[in-house]
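*Asks:* input29.cif (mmCIF, C-alpha atoms and all ligand atoms) pasted underneath:
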```
data_model
#
loop_
_atom_site.label_atom_id
_atom_site.label_comp_id
_atom_site.auth_asym_id
_atom_site.auth_seq_id
_atom_site.Cartn_x
_atom_site.Cartn_y
_atom_site.Cartn_z
CA MET P 1 -21.69 17.43 -3.48
CA LYS P 2 -22.09 15.76 -0.11
CA TYR P 3 -20.93 12.18 0.11
CA THR P 4 -21.80 9.77 2.86
CA ARG P 5 -19.06 7.27 3.48
CA ARG P 6 -21.09 4.39 2.06
CA LYS P 7 -22.06 6.40 -0.98
CA PHE P 8 -18.44 7.28 -1.63
CA ILE P 9 -17.43 3.64 -1.54
CA THR P 10 -19.98 2.63 -4.11
CA THR P 11 -19.52 5.65 -6.35
CA LEU P 12 -16.11 7.20 -6.62
CA GLY P 13 -14.10 4.45 -4.94
CA ALA P 14 -15.31 1.32 -6.60
CA GLY P 15 -17.26 2.66 -9.52
CA SER P 16 -16.79 5.62 -11.74
CA ALA P 17 -13.02 5.97 -11.36
CA LEU P 18 -12.58 2.45 -12.64
CA LEU P 19 -15.05 2.27 -15.43
CA MET P 20 -12.70 4.26 -17.60
CA LEU P 21 -9.83 1.85 -17.08
CA PRO P 22 -8.86 -0.49 -19.93
CA SER P 23 -9.27 -4.22 -19.51
CA VAL P 24 -6.30 -6.45 -18.82
CA PRO P 25 -5.11 -8.56 -21.74
CA GLY P 26 -4.64 -12.23 -20.97
CA PHE P 27 -7.17 -12.29 -18.16
CA SER P 28 -10.64 -13.54 -18.89
CA LYS P 29 -13.56 -11.87 -17.17
CA PRO P 30 -14.63 -14.01 -14.20
CA VAL P 31 -17.98 -15.72 -14.63
CA PHE P 32 -19.56 -14.36 -11.46
CA SER P 33 -23.23 -13.61 -11.19
CA GLY P 34 -24.15 -9.93 -10.79
CA ASP P 35 -24.17 -9.80 -6.99
CA LYS P 36 -21.20 -12.06 -6.34
CA LYS P 37 -18.96 -10.91 -3.50
CA LEU P 38 -15.37 -12.09 -3.53
CA GLY P 39 -14.29 -14.19 -0.54
CA VAL P 40 -11.08 -12.87 1.02
CA ALA P 41 -8.66 -14.80 3.24
CA LEU P 42 -6.32 -12.69 5.37
CA VAL P 43 -2.83 -14.15 5.79
CA GLY P 44 -1.10 -13.03 9.02
CA LEU P 45 -3.41 -11.85 11.79
CA GLY P 46 -1.28 -9.00 13.16
CA ASN P 47 -2.04 -5.37 13.84
CA TYR P 48 -3.05 -4.25 10.39
CA ALA P 49 -5.19 -7.30 9.63
CA THR P 50 -6.87 -7.19 13.05
CA ASN P 51 -7.46 -3.48 13.52
CA GLN P 52 -7.92 -2.20 9.97
CA LEU P 53 -8.52 -4.86 7.32
CA ALA P 54 -10.94 -7.21 9.10
CA PRO P 55 -13.18 -4.34 10.30
CA ALA P 56 -13.01 -2.76 6.84
CA LEU P 57 -14.10 -6.05 5.29
CA GLN P 58 -17.37 -5.63 7.23
CA GLU P 59 -18.00 -2.44 5.23
CA THR P 60 -17.05 -3.59 1.75
CA SER P 61 -19.72 -4.29 -0.81
CA LEU P 62 -17.79 -6.35 -3.38
CA CYS P 63 -15.74 -8.60 -1.09
CA TYR P 64 -16.00 -10.07 2.40
CA LEU P 65 -13.86 -11.79 4.97
CA ASN P 66 -14.33 -15.56 4.84
CA GLY P 67 -10.92 -17.08 5.56
CA ILE P 68 -7.84 -16.74 7.74
CA VAL P 69 -4.29 -18.04 7.59
CA THR P 70 -2.33 -17.88 10.83
CA GLY P 71 0.68 -19.39 12.56
CA THR P 72 -0.85 -18.72 15.99
CA PRO P 73 -3.57 -21.27 16.87
CA THR P 74 -4.63 -19.25 19.95
CA LYS P 75 -5.93 -16.48 17.66
CA ILE P 76 -8.34 -18.76 15.83
CA ASP P 77 -11.29 -18.96 18.25
CA LYS P 78 -11.69 -15.22 18.57
CA TRP P 79 -11.58 -14.68 14.79
CA LYS P 80 -13.96 -17.58 14.17
CA GLN P 81 -16.51 -16.19 16.59
CA GLN P 82 -16.14 -12.54 15.70
CA TYR P 83 -16.34 -13.04 11.93
CA ASN P 84 -18.22 -16.29 11.58
CA ILE P 85 -15.42 -18.01 9.68
CA PRO P 86 -16.06 -21.68 8.89
CA ASP P 87 -13.46 -24.25 10.00
CA LYS P 88 -12.84 -25.31 6.41
CA ASN P 89 -11.59 -21.76 5.65
CA ILE P 90 -8.92 -21.70 8.37
CA TYR P 91 -5.33 -22.47 7.40
CA ASN P 92 -1.82 -22.27 8.82
CA TYR P 93 1.42 -21.52 6.96
CA GLU P 94 2.13 -25.22 6.38
CA ASN P 95 -1.22 -26.33 4.95
CA PHE P 96 -1.87 -23.00 3.18
CA ASP P 97 -1.45 -24.52 -0.31
CA ASN P 98 -4.64 -26.58 0.23
CA ILE P 99 -6.49 -23.30 -0.25
CA ALA P 100 -6.31 -24.20 -3.96
CA ASP P 101 -9.22 -26.62 -3.35
CA ASN P 102 -11.38 -24.02 -1.60
CA GLU P 103 -13.76 -22.47 -4.08
CA SER P 104 -15.24 -20.05 -1.57
CA ILE P 105 -11.97 -18.12 -1.34
CA ASP P 106 -11.26 -15.91 -4.34
CA VAL P 107 -8.59 -13.59 -2.95
CA VAL P 108 -5.65 -14.07 -0.61
CA TYR P 109 -4.55 -10.89 1.20
CA VAL P 110 -0.91 -11.16 2.35
CA VAL P 111 -0.41 -9.07 5.52
CA LEU P 112 2.80 -10.69 6.76
CA PRO P 113 6.23 -9.22 7.59
CA ASN P 114 7.78 -7.88 4.38
CA SER P 115 10.21 -10.77 3.83
CA MET P 116 7.30 -13.24 3.65
CA HIS P 117 5.35 -11.41 0.91
CA HIS P 118 7.34 -13.02 -1.90
CA GLU P 119 6.77 -16.60 -0.75
CA PHE P 120 3.09 -16.22 0.07
CA VAL P 121 2.16 -14.25 -3.05
CA ILE P 122 3.76 -16.95 -5.19
CA ARG P 123 2.07 -19.74 -3.23
CA ALA P 124 -1.29 -17.94 -3.48
CA ALA P 125 -0.84 -17.53 -7.24
CA LYS P 126 0.02 -21.21 -7.62
CA ALA P 127 -3.16 -22.00 -5.69
CA GLY P 128 -5.06 -20.05 -8.36
CA LYS P 129 -6.10 -17.15 -6.09
CA HIS P 130 -6.07 -13.45 -6.85
CA VAL P 131 -3.70 -11.62 -4.51
CA PHE P 132 -3.74 -8.42 -2.50
CA CYS P 133 -0.24 -7.89 -1.07
CA GLU P 134 0.76 -5.35 1.54
CA LYS P 135 3.48 -2.77 0.92
CA PRO P 136 6.39 -2.93 0.40
CA MET P 137 5.55 -5.55 -2.21
CA GLY P 138 8.87 -7.39 -1.78
CA LEU P 139 12.37 -6.85 -0.44
CA THR P 140 13.93 -6.34 -3.88
CA SER P 141 12.88 -5.56 -7.43
CA LYS P 142 13.88 -9.12 -8.37
CA GLU P 143 11.40 -10.50 -5.85
CA CYS P 144 8.70 -8.22 -7.26
CA GLU P 145 9.42 -9.41 -10.79
CA GLU P 146 9.11 -13.03 -9.68
CA MET P 147 5.81 -12.28 -7.93
CA ILE P 148 4.43 -10.57 -11.04
CA ALA P 149 5.56 -13.48 -13.23
CA ALA P 150 3.97 -16.04 -10.89
CA CYS P 151 0.63 -14.19 -10.98
CA ASN P 152 0.77 -13.78 -14.75
CA ASN P 153 1.60 -17.46 -15.22
CA ALA P 154 -1.34 -18.44 -13.04
CA ALA P 155 -3.62 -15.86 -14.74
CA VAL P 156 -4.52 -14.28 -11.39
CA ARG P 157 -4.50 -10.57 -10.52
CA LEU P 158 -1.99 -8.95 -8.16
CA PHE P 159 -2.61 -5.69 -6.28
CA VAL P 160 -0.48 -3.85 -3.71
CA GLY P 161 -2.15 -2.38 -0.61
CA TYR P 162 -1.71 1.26 -1.62
CA ARG P 163 -4.70 2.54 0.35
CA LEU P 164 -4.11 6.16 -0.67
CA HIS P 165 -4.66 5.53 -4.38
CA THR P 166 -8.39 5.70 -3.70
CA GLU P 167 -8.36 8.34 -0.91
CA PRO P 168 -10.06 11.64 -1.90
CA HIS P 169 -7.23 14.00 -0.80
CA HIS P 170 -4.65 11.92 -2.63
CA LEU P 171 -6.87 11.66 -5.70
CA ALA P 172 -6.95 15.47 -5.57
CA ALA P 173 -3.14 15.52 -5.34
CA MET P 174 -2.96 13.35 -8.47
CA LYS P 175 -5.24 15.77 -10.31
CA PHE P 176 -3.51 18.91 -9.08
CA ARG P 177 -0.78 18.78 -11.71
CA ASP P 178 -3.45 19.12 -14.41
CA GLU P 179 -5.17 22.00 -12.64
CA GLY P 180 -1.82 23.72 -11.98
CA LYS P 181 -1.07 23.67 -15.73
CA THR P 182 2.23 25.33 -15.01
CA GLY P 183 5.85 24.47 -15.74
CA ILE P 184 8.11 22.83 -13.25
CA MET P 185 6.72 21.10 -10.16
CA TYR P 186 8.34 20.74 -6.77
CA VAL P 187 7.10 18.06 -4.36
CA GLN P 188 7.98 17.68 -0.73
CA SER P 189 6.87 14.40 0.89
CA GLU P 190 7.67 13.26 4.41
CA PHE P 191 6.48 10.35 6.52
CA GLY P 192 7.93 9.21 9.81
CA PHE P 193 6.91 8.10 13.29
CA LYS P 194 8.67 7.10 16.47
CA ILE P 195 8.92 3.34 16.51
CA GLY P 196 8.52 1.55 19.85
CA ASP P 197 9.48 -2.02 20.81
CA PRO P 198 13.15 -2.54 19.85
CA THR P 199 12.60 -6.29 19.39
CA GLN P 200 9.93 -6.05 16.66
CA TRP P 201 10.39 -7.49 13.16
CA ARG P 202 10.41 -3.99 11.60
CA LEU P 203 13.90 -3.49 13.04
CA LYS P 204 15.27 -6.81 11.75
CA LYS P 205 16.75 -6.62 8.28
CA ALA P 206 15.98 -10.24 7.39
CA LEU P 207 12.25 -9.73 8.03
CA ALA P 208 11.79 -6.06 7.09
CA GLY P 209 14.39 -5.63 4.35
CA GLY P 210 15.16 -2.14 5.64
CA GLY P 211 13.93 0.39 8.16
CA SER P 212 11.83 3.53 7.89
CA MET P 213 12.57 3.70 4.16
CA MET P 214 10.88 0.37 3.39
CA ASP P 215 7.98 0.94 5.76
CA LEU P 216 7.19 4.68 5.55
CA GLY P 217 9.50 6.19 2.96
CA ILE P 218 7.59 4.20 0.37
CA TYR P 219 4.59 6.51 0.96
CA ALA P 220 6.79 9.54 0.29
CA ILE P 221 8.07 7.94 -2.94
CA GLN P 222 4.54 7.08 -3.97
CA ALA P 223 3.28 10.61 -3.28
CA ALA P 224 6.08 12.22 -5.29
CA ARG P 225 5.53 9.81 -8.18
CA TYR P 226 1.77 10.24 -8.39
CA SER P 227 1.82 13.98 -7.75
CA ILE P 228 4.29 14.55 -10.58
CA GLY P 229 2.84 11.78 -12.73
CA LYS P 230 6.21 10.64 -14.04
CA GLU P 231 8.94 8.19 -13.03
CA PRO P 232 12.11 9.50 -11.37
CA VAL P 233 15.28 9.27 -13.43
CA SER P 234 17.76 9.65 -10.57
CA VAL P 235 18.01 9.67 -6.79
CA THR P 236 20.46 11.23 -4.32
CA ALA P 237 20.04 10.00 -0.73
CA GLN P 238 21.52 10.50 2.74
CA GLU P 239 21.15 8.42 5.92
CA TYR P 240 21.31 9.60 9.54
CA LYS P 241 21.44 7.61 12.78
CA THR P 242 21.11 8.73 16.39
CA ASP P 243 20.57 5.30 17.99
CA TYR P 244 23.13 2.82 16.68
CA GLU P 245 21.92 0.04 18.98
CA LYS P 246 18.23 0.09 18.07
CA PHE P 247 18.93 0.68 14.39
CA VAL P 248 21.95 -1.60 14.07
CA GLU P 249 20.32 -3.58 11.23
CA VAL P 250 18.08 -1.04 9.48
CA ASP P 251 17.92 2.62 8.52
CA GLU P 252 16.57 5.07 11.10
CA THR P 253 16.26 8.31 9.10
CA VAL P 254 16.72 8.92 5.38
CA THR P 255 16.42 12.02 3.23
CA TRP P 256 16.45 11.84 -0.55
CA GLN P 257 15.93 13.95 -3.63
CA MET P 258 14.50 12.70 -6.92
CA GLU P 259 14.84 14.21 -10.39
CA PHE P 260 12.01 13.62 -12.88
CA PRO P 261 11.89 14.14 -16.65
CA GLY P 262 11.13 17.73 -17.55
CA GLY P 263 13.00 19.21 -14.58
CA HIS P 264 10.48 18.31 -11.86
CA VAL P 265 12.08 17.61 -8.48
CA SER P 266 11.10 16.14 -5.12
CA ASN P 267 12.63 16.25 -1.68
CA SER P 268 11.62 13.55 0.82
CA TYR P 269 12.18 12.44 4.40
CA THR P 270 11.43 9.33 6.40
CA SER P 271 12.26 8.44 9.97
CA TYR P 272 11.61 5.93 12.75
CA THR P 273 12.58 8.60 15.30
CA THR P 274 11.18 12.01 14.38
CA PRO P 275 7.54 12.09 13.25
CA ALA P 276 6.62 13.75 9.96
CA ASN P 277 3.45 13.48 7.89
CA HIS P 278 3.25 15.92 5.01
CA LEU P 279 2.75 16.30 1.25
CA TYR P 280 3.36 19.65 -0.44
CA ILE P 281 3.13 20.30 -4.18
CA SER P 282 4.18 23.57 -5.73
CA THR P 283 3.66 24.72 -9.32
CA GLU P 284 4.40 28.06 -10.89
CA ARG P 285 1.19 29.71 -9.70
CA ARG P 286 -0.44 27.31 -7.25
CA TRP P 287 0.32 25.13 -4.25
CA PHE P 288 -1.35 22.12 -2.64
CA ASN P 289 -0.73 20.94 0.91
CA LEU P 290 -1.76 17.91 2.99
CA ILE P 291 -0.92 17.71 6.69
CA PRO P 292 -1.35 15.16 8.10
CA ALA P 293 -1.10 13.45 4.74
CA PHE P 294 -0.70 9.71 5.24
CA ASN P 295 -2.96 8.77 8.17
CA TYR P 296 -5.86 6.34 8.05
CA ASN P 297 -8.20 9.26 8.77
CA ARG P 298 -8.37 13.02 9.41
CA ILE P 299 -6.21 13.96 6.43
CA GLN P 300 -6.32 17.76 6.16
CA GLY P 301 -5.73 19.67 2.96
CA SER P 302 -5.48 23.19 1.63
CA THR P 303 -4.40 24.98 -1.52
CA ASN P 304 -3.59 28.61 -2.27
CA ARG P 305 -7.38 28.96 -2.84
CA GLY P 306 -8.37 27.76 0.63
CA GLN P 307 -9.21 24.65 2.64
CA LEU P 308 -10.06 21.38 0.86
CA ASP P 309 -13.48 20.07 1.76
CA LEU P 310 -13.31 16.39 0.87
CA PRO P 311 -15.04 13.39 2.41
CA GLU P 312 -13.34 11.05 4.81
CA VAL P 313 -13.55 7.42 3.70
CA ASN P 314 -12.75 4.04 5.16
CA GLN P 315 -9.53 3.79 3.14
CA GLN P 316 -9.11 0.04 3.48
CA ALA P 317 -12.74 -0.68 2.51
CA VAL P 318 -12.54 1.54 -0.57
CA GLN P 319 -9.19 0.02 -1.51
CA MET P 320 -10.44 -3.56 -1.27
CA ASP P 321 -13.70 -2.77 -3.07
CA THR P 322 -11.76 -1.06 -5.83
CA PHE P 323 -9.43 -4.05 -6.26
CA SER P 324 -12.45 -6.36 -6.26
CA GLN P 325 -14.16 -4.23 -8.90
CA CYS P 326 -11.01 -4.55 -11.03
CA ILE P 327 -11.17 -8.33 -10.72
CA LEU P 328 -14.90 -8.51 -11.45
CA ASP P 329 -14.66 -6.11 -14.42
CA ASN P 330 -11.26 -7.31 -15.59
CA ALA P 331 -10.11 -3.68 -15.39
CA GLU P 332 -6.59 -2.27 -15.04
CA SER P 333 -5.47 -0.98 -11.64
CA ASP P 334 -2.94 1.71 -10.79
CA ALA P 335 -2.03 -0.32 -7.68
CA SER P 336 -0.85 -3.40 -9.57
CA GLY P 337 2.29 -5.44 -9.02
CA GLU P 338 4.04 -3.27 -11.62
CA GLU P 339 3.39 -0.24 -9.40
CA GLY P 340 4.90 -2.06 -6.41
CA LEU P 341 7.93 -2.97 -8.53
CA LYS P 342 8.51 0.68 -9.49
CA ASP P 343 8.74 1.67 -5.82
CA LEU P 344 11.22 -1.08 -5.08
CA LYS P 345 13.43 0.13 -7.93
CA VAL P 346 13.45 3.60 -6.35
CA ILE P 347 14.17 2.17 -2.89
CA GLU P 348 17.10 0.19 -4.29
CA ALA P 349 18.43 3.39 -5.87
CA VAL P 350 18.06 5.18 -2.51
CA TYR P 351 20.11 2.53 -0.70
CA LYS P 352 22.71 2.48 -3.50
CA SER P 353 23.05 6.25 -3.30
CA ILE P 354 23.50 6.13 0.49
CA GLN P 355 26.25 3.53 0.08
CA SER P 356 28.05 5.23 -2.78
CA GLY P 357 27.49 8.84 -1.73
CA THR P 358 26.60 9.63 -5.34
CA LYS P 359 23.59 10.31 -7.52
CA VAL P 360 22.14 6.99 -8.76
CA LYS P 361 20.05 6.35 -11.89
CA VAL P 362 16.73 4.60 -11.26
P1 LIG G 1 2.34 -7.28 12.74
O1 LIG G 1 3.67 -7.59 13.33
O2 LIG G 1 1.35 -6.63 13.61
O3 LIG G 1 1.67 -8.64 12.20
C1 LIG G 1 2.34 -9.51 11.35
C2 LIG G 1 1.72 -10.90 11.49
O4 LIG G 1 2.40 -11.77 10.62
C3 LIG G 1 1.87 -11.52 12.88
O5 LIG G 1 0.86 -11.16 13.78
C4 LIG G 1 1.81 -12.99 12.57
O6 LIG G 1 0.47 -13.38 12.40
C5 LIG G 1 2.46 -13.08 11.18
N1 LIG G 1 3.83 -13.56 11.22
C6 LIG G 1 4.27 -14.70 10.62
N2 LIG G 1 5.58 -14.85 10.82
C7 LIG G 1 6.01 -13.82 11.56
C8 LIG G 1 7.27 -13.46 12.10
N3 LIG G 1 8.36 -14.19 11.89
N4 LIG G 1 7.35 -12.34 12.84
C9 LIG G 1 6.25 -11.58 13.04
N5 LIG G 1 5.03 -11.87 12.56
C10 LIG G 1 4.89 -13.00 11.83
O7 LIG G 1 2.60 -6.44 11.44
P2 LIG G 1 1.60 -5.45 10.69
O8 LIG G 1 0.25 -6.01 10.67
O9 LIG G 1 1.77 -4.09 11.24
O10 LIG G 1 2.25 -5.43 9.20
C11 LIG G 1 2.05 -6.50 8.32
C12 LIG G 1 2.28 -6.00 6.88
O11 LIG G 1 1.32 -5.00 6.59
C13 LIG G 1 3.64 -5.35 6.64
O12 LIG G 1 4.09 -5.68 5.35
C14 LIG G 1 3.36 -3.85 6.72
O13 LIG G 1 4.25 -3.08 5.94
C15 LIG G 1 1.95 -3.80 6.17
N6 LIG G 1 1.19 -2.66 6.71
C16 LIG G 1 0.56 -1.83 5.84
C17 LIG G 1 -0.15 -0.75 6.29
C18 LIG G 1 -0.86 0.12 5.34
O14 LIG G 1 -1.32 1.19 5.74
N7 LIG G 1 -1.01 -0.27 4.07
C19 LIG G 1 -0.22 -0.43 7.72
C20 LIG G 1 0.43 -1.40 8.57
C21 LIG G 1 1.12 -2.46 8.06
P3 LIG G 1 -0.07 -14.79 12.93
O15 LIG G 1 0.14 -14.75 14.41
O16 LIG G 1 -1.48 -14.79 12.54
O17 LIG G 1 0.73 -15.85 12.26
#
```
Can I see the file as structure tokens?
*Replies:*
Amino acid sequence: MKYTRRKFITTLGAGSALLMLPSVPGFSKPVFSGDKKLGVALVGLGNYATNQLAPALQETSLCYLNGIVTGTPTKIDKWKQQYNIPDKNIYNYENFDNIADNESIDVVYVVLPNSMHHEFVIRAAKAGKHVFCEKPMGLTSKECEEMIAACNNAAVRLFVGYRLHTEPHHLAAMKFRDEGKTGIMYVQSEFGFKIGDPTQWRLKKALAGGGSMMDLGIYAIQAARYSIGKEPVSVTAQEYKTDYEKFVEVDETVTWQMEFPGGHVSNSYTSYTTPANHLYISTERRWFNLIPAFNYNRIQGSTNRGQLDLPEVNQQAVQMDTFSQCILDNAESDASGEEGLKDLKVIEAVYKSIQSGTKVKV
């Protein structure tokens, strides 16, 4: 079947895959009219919000960009003009809580440095807004638990920006274990790039929480978890540094191995120095390979039966439409706060293993 990008968004991405999901207890179905689009406010107008999320919000069919929250007043005019954002929907970090009185904003999308996710997700929940939060969800599992509790208490939904959960090649990776139907699985997942500016927040522990592991290794953890379809029981990890000045506060390169119930294993790599971008799944009789695996576009795949021929989608648009569909239909999501929490538990085990030099239970 040939999919156009738009068709894919309205069919697989935001439609059929979700209709089978159970509804969420404790959350009432919103009383929106049939063609209601959710208003989204982006919090933190940096690279990802500017170059990926705002353009993607021009392609979504269930939500749209109608608010911004920024600490940089000089950014406001350009955003206002480019996206037609009314003055009443523009906030800064101090007056952000007033968003509670703004009925035209349904969702707050937190796209701030990692250390600020916790505070702004909780403030958004207290303001009664549904929340999309970028990865990593928080700096620790405790933070994640507090964020989940705040959203539950406020009866709002919380989603983590796992854009690959609705990407066709990664959906195929999730299905591969069923098609493979064979014994023990081995997964290799690697994501790294060379990081530039040594003064950026990603290299400061207080703002980033960690280095390549928090930023990119989380994709490798995710891929291993959803390829195998189980939760790891233990982790053994190793850290390597070549530049002690640039990476004085955070990890530069990490390798780790995870053991899963049933004897499945994964081997992963992340680095801020040496690029890597790969997902490989092996079962007794079949293999599945993505390279590059984690990009915004041009993901390439093959299996032992030949090349994968899957459509390319606007990942961020499909992701946000899928989350919106979950809100509108009160449906479960596999990119919920609980999913974000699971990754943080693995990351904590990775760091513990590096420190102790031993295998650590997750
Ligand atoms: P940027 O540094 O480009 O932008 C972060 C923005 O946060 C800034 O522009 C600024 O916006 C605001 N901010 C507030 N306080 C600070 C501070 N102390 N230092 C720096 N910025 C501050 O980061 P990214 O956009 O690349 O990343 C933001 C989040 O998105 C991260 O959590 C990252 O992991 C995630 N991300 C996810 C991706 C994905 O594929 N899912 C891809 C890239 C990033 P303002 O000037 O408006 O106040």
*Asks:* Please give me, as a JSON list (two decimals) with C-alpha atoms, in the coordinates of the input, the residues lying within 6 Å of ligand LIG 1 (chain G) when counting only C-alpha atoms and all ligand atoms.
*Replies:*
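In the end it all went to selection22.json:
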```
[["chain", "number", "residue", "atom", "x", "y", "z"],
["P", 44, "GLY", "CA", -1.10, -13.03, 9.02],
["P", 45, "LEU", "CA", -3.41, -11.85, 11.79],
["P", 46, "GLY", "CA", -1.28, -9.00, 13.16],
["P", 47, "ASN", "CA", -2.04, -5.37, 13.84],
["P", 48, "TYR", "CA", -3.05, -4.25, 10.39],
["P", 49, "ALA", "CA", -5.19, -7.30, 9.63],
["P", 70, "THR", "CA", -2.33, -17.88, 10.83],
["P", 71, "GLY", "CA", 0.68, -19.39, 12.56],
["P", 72, "THR", "CA", -0.85, -18.72, 15.99],
["P", 111, "VAL", "CA", -0.41, -9.07, 5.52],
["P", 112, "LEU", "CA", 2.80, -10.69, 6.76],
["P", 113, "PRO", "CA", 6.23, -9.22, 7.59],
["P", 114, "ASN", "CA", 7.78, -7.88, 4.38],
["P", 134, "GLU", "CA", 0.76, -5.35, 1.54],
["P", 135, "LYS", "CA", 3.48, -2.77, 0.92],
["P", 136, "PRO", "CA", 6.39, -2.93, 0.40],
["P", 161, "GLY", "CA", -2.15, -2.38, -0.61],
["P", 162, "TYR", "CA", -1.71, 1.26, -1.62],
["P", 163, "ARG", "CA", -4.70, 2.54, 0.35],
["P", 201, "TRP", "CA", 10.39, -7.49, 13.16],
["P", 215, "ASP", "CA", 7.98, 0.94, 5.76]]
```
*Asks:* Provide the CA of Lys88 in chain P to CA of His130 in chain P distance in Å, to one decimal place.
*Replies:*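 Interatomic distance here is 19.0 Å.
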*Asks:* Which residue, P:Ile85, P:Val265, P:Leu158, P:Leu53, has the smallest gap to Gln188 in chain P when you use all atoms listed in the file?
*Replies:*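 Closest to Gln188 in chain P of all the choices is P:Val265.
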*Asks:* With all atoms listed in the file as the atoms that count, which of P:Lys246, P:His278, P:Lys342, P:Lys204 lies nearest to Gly301 in chain P?
*Replies:* P:His278
*Asks:* What is the distance between CA of Ile281 in chain P and CA of Tyr240 in chain P, in Å to one decimal?
*Replies:*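 Here the two named atoms are 25.2 Å from each other.
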*Asks:* Report, in Å to a single decimal, how far apart CA of Ala223 in chain P and CA of Phe159 in chain P are.
*Replies:*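 CA of Ala223 in chain P lies 17.6 Å from CA of Phe159 in chain P.
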*Asks:* Quick one: residues within 10 Å of Glu143 in chain P, all atoms listed in the file, excluding same-chain residues fewer than 4 positions away - as an MDAnalysis selection string?
*Replies:* chainID P and resid 115 117:119 137:139 147:149 341 344
*Asks:* Please tell me which residues are no farther than 6 Å from (-11.9, -17.8, 8.1) in the file, counting only C-alpha atoms, and write them as a list in words.
*Replies:* Asn66, Gly67, Ile68, Ile85, Pro86, Asn89 and Ile90 of chain P
*Asks:* Got a sec to check which residues sit within 10 Å of (14.6, 4.1, 4.9), counting only C-alpha atoms, and write them as a JSON list (two decimals) with C-alpha atoms, in the coordinates of the input?
*Replies:*
```json
[["chain", "number", "residue", "atom", "x", "y", "z"],
["P", 192, "GLY", "CA", 7.93, 9.21, 9.81],
["P", 209, "GLY", "CA", 14.39, -5.63, 4.35],
["P", 210, "GLY", "CA", 15.16, -2.14, 5.64],
["P", 211, "GLY", "CA", 13.93, 0.39, 8.16],
["P", 212, "SER", "CA", 11.83, 3.53, 7.89],
["P", 213, "MET", "CA", 12.57, 3.70, 4.16],
["P", 214, "MET", "CA", 10.88, 0.37, 3.39],
["P", 215, "ASP", "CA", 7.98, 0.94, 5.76],
["P", 216, "LEU", "CA", 7.19, 4.68, 5.55],
["P", 217, "GLY", "CA", 9.50, 6.19, 2.96],
["P", 218, "ILE", "CA", 7.59, 4.20, 0.37],
["P", 237, "ALA", "CA", 20.04, 10.00, -0.73],
["P", 238, "GLN", "CA", 21.52, 10.50, 2.74],
["P", 239, "GLU", "CA", 21.15, 8.42, 5.92],
["P", 240, "TYR", "CA", 21.31, 9.60, 9.54],
["P", 250, "VAL", "CA", 18.08, -1.04, 9.48],
["P", 251, "ASP", "CA", 17.92, 2.62, 8.52],
["P", 252, "GLU", "CA", 16.57, 5.07, 11.10],
["P", 253, "THR", "CA", 16.26, 8.31, 9.10],
["P", 254, "VAL", "CA", 16.72, 8.92, 5.38],
["P", 255, "THR", "CA", 16.42, 12.02, 3.23],
["P", 256, "TRP", "CA", 16.45, 11.84, -0.55],
["P", 269, "TYR", "CA", 12.18, 12.44, 4.40],
["P", 270, "THR", "CA", 11.43, 9.33, 6.40],
["P", 271, "SER", "CA", 12.26, 8.44, 9.97],
["P", 272, "TYR", "CA", 11.61, 5.93, 12.75],
["P", 347, "ILE", "CA", 14.17, 2.17, -2.89],
["P", 350, "VAL", "CA", 18.06, 5.18, -2.51],
["P", 351, "TYR", "CA", 20.11, 2.53, -0.70]]
```
*Asks:* Smallest atom-to-atom distance to Val233 in chain P: which of P:His169, P:Lys361, P:Lys37, P:Lys80, using all atoms listed in the file?
*Replies:*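 Distance minimum relative to Val233 in chain P lands on P:Lys361.
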*Asks:* If you take only C-alpha atoms and a cut-off of 9 Å, which residues of range 220-280 of chain P touch range 284-297 of chain P, and what are their nearest atom pairs and distances in Å to one decimal, in chain and number order, as JSON lines?
*Replies:*
```
{"residue": "P:Ala220", "atom": "CA", "partner": "P:Phe294", "partner_atom": "CA", "distance": 9.0}
{"residue": "P:Ala276", "atom": "CA", "partner": "P:Pro292", "partner_atom": "CA", "distance": 8.3}
{"residue": "P:Asn277", "atom": "CA", "partner": "P:Pro292", "partner_atom": "CA", "distance": 5.1}
{"residue": "P:His278", "atom": "CA", "partner": "P:Ile291", "partner_atom": "CA", "distance": 4.8}
{"residue": "P:Leu279", "atom": "CA", "partner": "P:Leu290", "partner_atom": "CA", "distance": 5.1}
{"residue": "P:Tyr280", "atom": "CA", "partner": "P:Asn289", "partner_atom": "CA", "distance": 4.5}
```
*Asks:* Which is closest to Ala41 in chain P among P:Thr322, P:Gln222, P:Asn92, P:Asn314, if we use only C-alpha atoms?
*Replies:* P:Asn92
*Asks:* With a distance cut-off of 7 Å and all atoms listed in the file, select the neighbouring residues of Gln325 in chain P, excluding the residue or stretch itself and same-chain residues fewer than 3 positions from it, and output the selection as a tab-separated table (two decimals) with C-alpha atoms, keeping the file's coordinate frame.
*Replies:*
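As a result, out15.tsv now contains:
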```tsv
chain	number	residue	atom	x	y	z
P	14	ALA	CA	-15.31	1.32	-6.60
P	62	LEU	CA	-17.79	-6.35	-3.38
P	321	ASP	CA	-13.70	-2.77	-3.07
P	322	THR	CA	-11.76	-1.06	-5.83
P	328	LEU	CA	-14.90	-8.51	-11.45
P	329	ASP	CA	-14.66	-6.11	-14.42
```
*Asks:* Which is closest to Asn267 in chain P among P:Asp197, P:Glu190, P:Glu339, P:Asp309, if we use only C-alpha atoms?
*Replies:*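 Comparing P:Asp197, P:Glu190, P:Glu339, P:Asp309 against Asn267 in chain P, the winner is P:Glu190.
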*Asks:* Counting all atoms listed in the file, figure out which residue out of P:Leu57, P:Ala155, P:Ala349, P:Met116 gets nearest to Gln316 in chain P.
*Replies:*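 With all atoms listed in the file as the atom set, the closest residue is P:Leu57.
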